[in-house]
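Asker: For reference, this is structure-v9.csv, and it has CSV, C-alpha atoms.
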```csv
chain,number,residue,atom,x,y,z
A,832,MET,CA,6.2,17.2,-17.9
A,833,ASN,CA,9.1,14.7,-17.9
A,834,ARG,CA,9.1,12.3,-20.9
A,835,LEU,CA,9.3,9.2,-18.7
A,836,LEU,CA,6.4,10.4,-16.6
A,837,SER,CA,4.4,11.0,-19.7
A,838,GLN,CA,5.1,7.5,-20.9
A,839,LEU,CA,4.1,6.0,-17.6
A,840,ASN,CA,0.8,8.0,-17.5
A,841,ARG,CA,-0.1,6.8,-21.1
A,842,ARG,CA,0.6,3.2,-20.1
A,843,LEU,CA,-1.5,3.5,-16.9
A,844,ASP,CA,-4.3,5.1,-18.8
A,845,LYS,CA,-4.4,2.2,-21.3
A,846,ARG,CA,-3.5,-0.8,-19.1
A,847,GLY,CA,-3.5,0.2,-15.5
A,848,GLU,CA,-5.8,-1.5,-13.0
A,849,PRO,CA,-7.5,0.5,-10.2
A,850,VAL,CA,-6.0,0.5,-6.7
A,851,TRP,CA,-7.2,2.6,-3.7
A,852,LEU,CA,-4.7,4.3,-1.4
A,853,GLN,CA,-6.1,5.0,2.1
A,854,ARG,CA,-4.7,7.3,4.7
A,855,THR,CA,-6.1,7.8,8.2
A,856,THR,CA,-5.3,11.1,9.9
A,857,SER,CA,-7.0,12.3,13.1
A,858,GLY,CA,-9.5,9.5,12.9
A,859,THR,CA,-10.6,10.4,9.4
A,860,SER,CA,-9.9,8.1,6.5
A,861,VAL,CA,-9.3,9.4,3.0
A,862,ARG,CA,-9.2,7.3,-0.1
A,863,ALA,CA,-7.8,8.0,-3.6
A,864,GLU,CA,-8.4,5.7,-6.5
A,865,VAL,CA,-5.4,5.6,-8.9
A,866,PRO,CA,-4.4,3.4,-11.8
A,867,ALA,CA,-1.5,1.1,-11.2
A,868,ILE,CA,0.7,-1.5,-12.6
A,869,VAL,CA,0.6,-4.5,-10.2
A,870,ARG,CA,3.2,-7.3,-10.3
A,871,ALA,CA,4.1,-10.2,-8.2
A,872,LEU,CA,7.7,-10.0,-6.8
A,873,THR,CA,10.3,-11.9,-8.8
A,874,ALA,CA,12.4,-14.7,-7.4
A,875,GLU,CA,15.3,-12.3,-6.9
A,876,GLN,CA,13.1,-10.0,-4.8
A,877,LEU,CA,11.7,-12.8,-2.6
A,878,ILE,CA,14.4,-12.7,0.1
A,879,GLY,CA,14.3,-12.4,3.9
A,880,ASN,CA,10.8,-12.0,5.2
A,881,ILE,CA,9.2,-11.2,1.9
A,882,THR,CA,6.6,-13.8,0.9
A,883,GLN,CA,4.9,-14.6,-2.3
A,884,GLN,CA,1.8,-12.6,-1.2
A,885,SER,CA,3.9,-9.5,-1.6
A,886,LEU,CA,3.2,-7.3,-4.6
A,887,LEU,CA,5.0,-4.5,-6.4
A,888,VAL,CA,2.6,-1.6,-7.3
A,889,ILE,CA,3.8,1.2,-9.6
A,890,ILE,CA,1.8,4.4,-9.6
A,891,SER,CA,2.3,7.8,-11.1
A,892,PRO,CA,2.8,10.8,-8.9
A,893,TRP,CA,0.7,12.8,-11.4
A,894,HIS,CA,-2.4,10.8,-10.4
A,895,LEU,CA,-1.9,11.6,-6.7
A,896,PHE,CA,-1.3,15.2,-7.5
A,897,ASP,CA,-4.5,15.3,-9.4
A,898,ARG,CA,-6.6,13.9,-6.5
A,899,LYS,CA,-8.0,16.8,-4.6
A,900,GLN,CA,-8.9,14.7,-1.5
A,901,TRP,CA,-5.4,13.2,-1.2
A,902,PRO,CA,-3.5,13.3,1.2
A,903,GLY,CA,-6.3,14.0,3.6
A,904,GLY,CA,-5.7,17.4,5.2
A,905,LEU,CA,-1.9,17.2,4.9
A,906,ALA,CA,-1.0,19.9,2.4
A,907,PRO,CA,2.3,19.8,0.6
A,908,ALA,CA,4.9,22.4,1.4
A,909,ALA,CA,4.4,24.2,-1.9
A,910,GLN,CA,2.0,23.5,-4.8
A,911,THR,CA,4.2,22.8,-7.7
A,912,PHE,CA,3.7,21.3,-11.2
A,913,GLY,CA,5.2,18.0,-10.1
A,914,ILE,CA,6.5,16.3,-7.0
A,915,VAL,CA,10.1,17.3,-6.5
A,916,ASP,CA,10.6,16.7,-2.8
A,917,PRO,CA,10.8,13.2,-1.2
A,918,THR,CA,9.2,14.6,1.9
A,919,ASP,CA,6.1,15.8,0.1
A,920,ALA,CA,2.9,14.8,2.0
A,921,ARG,CA,1.4,13.3,-1.2
A,922,PHE,CA,3.8,10.4,-1.2
A,923,PRO,CA,2.3,7.2,0.2
A,924,ARG,CA,3.7,6.1,3.5
A,925,THR,CA,4.2,2.8,5.3
A,926,THR,CA,1.4,3.9,7.7
A,927,ASP,CA,-1.1,4.1,4.7
A,928,SER,CA,-3.0,1.2,3.3
A,929,ILE,CA,-3.6,0.0,-0.2
A,930,PHE,CA,-6.5,-2.0,-1.7
A,931,VAL,CA,-5.2,-4.1,-4.5
A,932,ARG,CA,-7.4,-6.7,-6.3
A,933,GLY,CA,-9.9,-6.6,-3.4
A,934,PRO,CA,-8.3,-7.0,0.0
A,935,GLN,CA,-6.6,-4.3,2.0
A,936,ARG,CA,-2.8,-4.6,2.1
A,937,ALA,CA,-0.1,-3.0,4.2
A,938,ILE,CA,2.5,-0.9,2.4
A,939,THR,CA,5.9,-2.2,3.5
A,940,ASN,CA,8.0,0.1,1.4
A,941,ALA,CA,7.3,3.3,-0.6
A,942,LYS,CA,10.1,4.4,-3.0
A,943,PRO,CA,9.9,7.5,-5.1
A,944,VAL,CA,11.9,7.3,-8.3
A,945,PHE,CA,13.3,10.7,-9.6
A,946,ASP,CA,14.7,11.8,-13.0
A,947,ARG,CA,16.3,15.2,-13.2
A,948,GLY,CA,14.8,16.3,-9.9
A,949,GLU,CA,11.2,15.3,-10.7
A,950,CYS,CA,9.4,12.2,-9.4
A,951,ILE,CA,8.5,10.0,-12.4
A,952,ARG,CA,7.0,7.1,-10.5
A,953,ILE,CA,6.3,5.7,-7.1
A,954,GLU,CA,7.1,2.0,-6.4
A,955,LEU,CA,5.1,0.5,-3.5
A,956,SER,CA,5.8,-2.9,-1.9
A,957,CYS,CA,2.7,-4.3,-0.2
A,958,LEU,CA,2.0,-7.3,1.9
A,959,GLY,CA,-1.3,-9.1,2.6
```
For the structure just supplied, provide its representation as structure tokens.
Answerer:
Amino acid sequence: MNRLLSQLNRRLDKRGEPVWLQRTTSGTSVRAEVPAIVRALTAEQLIGNITQQSLLVIISPWHLFDRKQWPGGLAPAAQTFGIVDPTDARFPRTTDSIFVRGPQRAITNAKPVFDRGECIRIELSCLG
């Protein structure tokens, strides 16, 4: 496992707060609880139509890989140790929802961050 991914996983295990990702496929909703780092967007990030209700959520791809019910019937192209393909079905999408600190929020941007060909974190912008 990548060193940076290991560091993120340890931090999430100690200080992460629970969030729930939800994906609806063919009328069936699937939820996965994952630990996350949740931050309000900074002043530099508050541009255009982004409001102060927008949050930045950082999750580990390892936690999504470990959830057997995620992504709800959409199997990845190949089962690998880590997520190495940006088109992997396990990545959250803008059509998914996220529950952060109670209310359901819309995912406005899902950005995987890679190091040496392996995804080390997923940054989600959410609104609501």
Asker: In Å, how far is it from CA of Phe930 in chain A to CA of Arg846 in chain A?
Answerer: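 Between CA of Phe930 in chain A and CA of Arg846 in chain A the gap works out to 17.7 Å.
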Asker: Of the candidates A:Asp927, A:Ile953, A:Gly959, A:Asp946, which one gets nearest to Arg834 in chain A if we count all atoms listed in the file?
Answerer: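 For Arg834 in chain A, the nearest of the given residues is A:Asp946.
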Asker: Which residue is closest to Val944 in chain A? Choose from A:Ile868, A:Arg924, A:Ser885, A:Leu836 and count only C-alpha atoms.
Answerer: A:Leu836
Asker: Given only C-alpha atoms as the basis, pick out the residue of A:Ile929, A:Gln838, A:Arg936, A:Met832 nearest to Glu864 in chain A.
Answerer: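 Of A:Ile929, A:Gln838, A:Arg936, A:Met832, the one nearest Glu864 in chain A, counting only C-alpha atoms, is A:Ile929.
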Asker: In Å, with one decimal, what is the gap from CA of Thr855 in chain A to CA of Val869 in chain A?
Answerer: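 Straight-line distance from CA of Thr855 in chain A to CA of Val869 in chain A works out to 23.1 Å.
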Asker: I need the residue nearest Ile889 in chain A from this list: A:Thr926, A:Gln853, A:Ser956, A:Asn833. Use only C-alpha atoms for the distance.
Answerer: A:Ser956
Asker: How far is it from CA of Gly933 in chain A to CA of Ile951 in chain A, in Å with one decimal?
Answerer: 26.4 Å
Asker: Could you name the residues that touch Ile890 in chain A at 12 Å or less, counting all atoms listed in the file, but leaving out those on the same chain fewer than 3 positions away, as a short mmCIF file (atom, residue, chain, number, x, y, z; two decimals) with C-alpha atoms, keeping the file's coordinate frame?
Answerer:
```
data_model
loop_
_atom_site.label_atom_id
_atom_site.label_comp_id
_atom_site.auth_asym_id
_atom_site.auth_seq_id
_atom_site.Cartn_x
_atom_site.Cartn_y
_atom_site.Cartn_z
CA LEU A 836 6.40 10.40 -16.60
CA LEU A 839 4.10 6.00 -17.60
CA ASN A 840 0.80 8.00 -17.50
CA ARG A 841 -0.10 6.80 -21.10
CA ARG A 842 0.60 3.20 -20.10
CA LEU A 843 -1.50 3.50 -16.90
CA ASP A 844 -4.30 5.10 -18.80
CA GLY A 847 -3.50 0.20 -15.50
CA GLU A 848 -5.80 -1.50 -13.00
CA PRO A 849 -7.50 0.50 -10.20
CA VAL A 850 -6.00 0.50 -6.70
CA TRP A 851 -7.20 2.60 -3.70
CA LEU A 852 -4.70 4.30 -1.40
CA ALA A 863 -7.80 8.00 -3.60
CA GLU A 864 -8.40 5.70 -6.50
CA VAL A 865 -5.40 5.60 -8.90
CA PRO A 866 -4.40 3.40 -11.80
CA ALA A 867 -1.50 1.10 -11.20
CA ILE A 868 0.70 -1.50 -12.60
CA VAL A 869 0.60 -4.50 -10.20
CA ARG A 870 3.20 -7.30 -10.30
CA LEU A 887 5.00 -4.50 -6.40
CA TRP A 893 0.70 12.80 -11.40
CA HIS A 894 -2.40 10.80 -10.40
CA LEU A 895 -1.90 11.60 -6.70
CA PHE A 896 -1.30 15.20 -7.50
CA PHE A 922 3.80 10.40 -1.20
CA PRO A 923 2.30 7.20 0.20
CA ILE A 929 -3.60 0.00 -0.20
CA ALA A 941 7.30 3.30 -0.60
CA LYS A 942 10.10 4.40 -3.00
CA PRO A 943 9.90 7.50 -5.10
CA VAL A 944 11.90 7.30 -8.30
CA CYS A 950 9.40 12.20 -9.40
CA ILE A 951 8.50 10.00 -12.40
CA ARG A 952 7.00 7.10 -10.50
CA ILE A 953 6.30 5.70 -7.10
CA GLU A 954 7.10 2.00 -6.40
CA LEU A 955 5.10 0.50 -3.50
CA SER A 956 5.80 -2.90 -1.90
#
```
Asker: Give the answer as one residue: which of A:Leu835, A:Phe945, A:Ser860, A:Ser891 has the shortest atom-to-atom distance to Ser928 in chain A, using all atoms listed in the file?
Answerer: A:Ser860
Asker: Of the candidates A:Pro892, A:Gln884, A:Pro902, A:Arg947, which shows the shortest atom-to-atom distance to Val931 in chain A, using all atoms listed in the file?
Answerer: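 Answer, going by the shortest atom-to-atom distance: A:Gln884.
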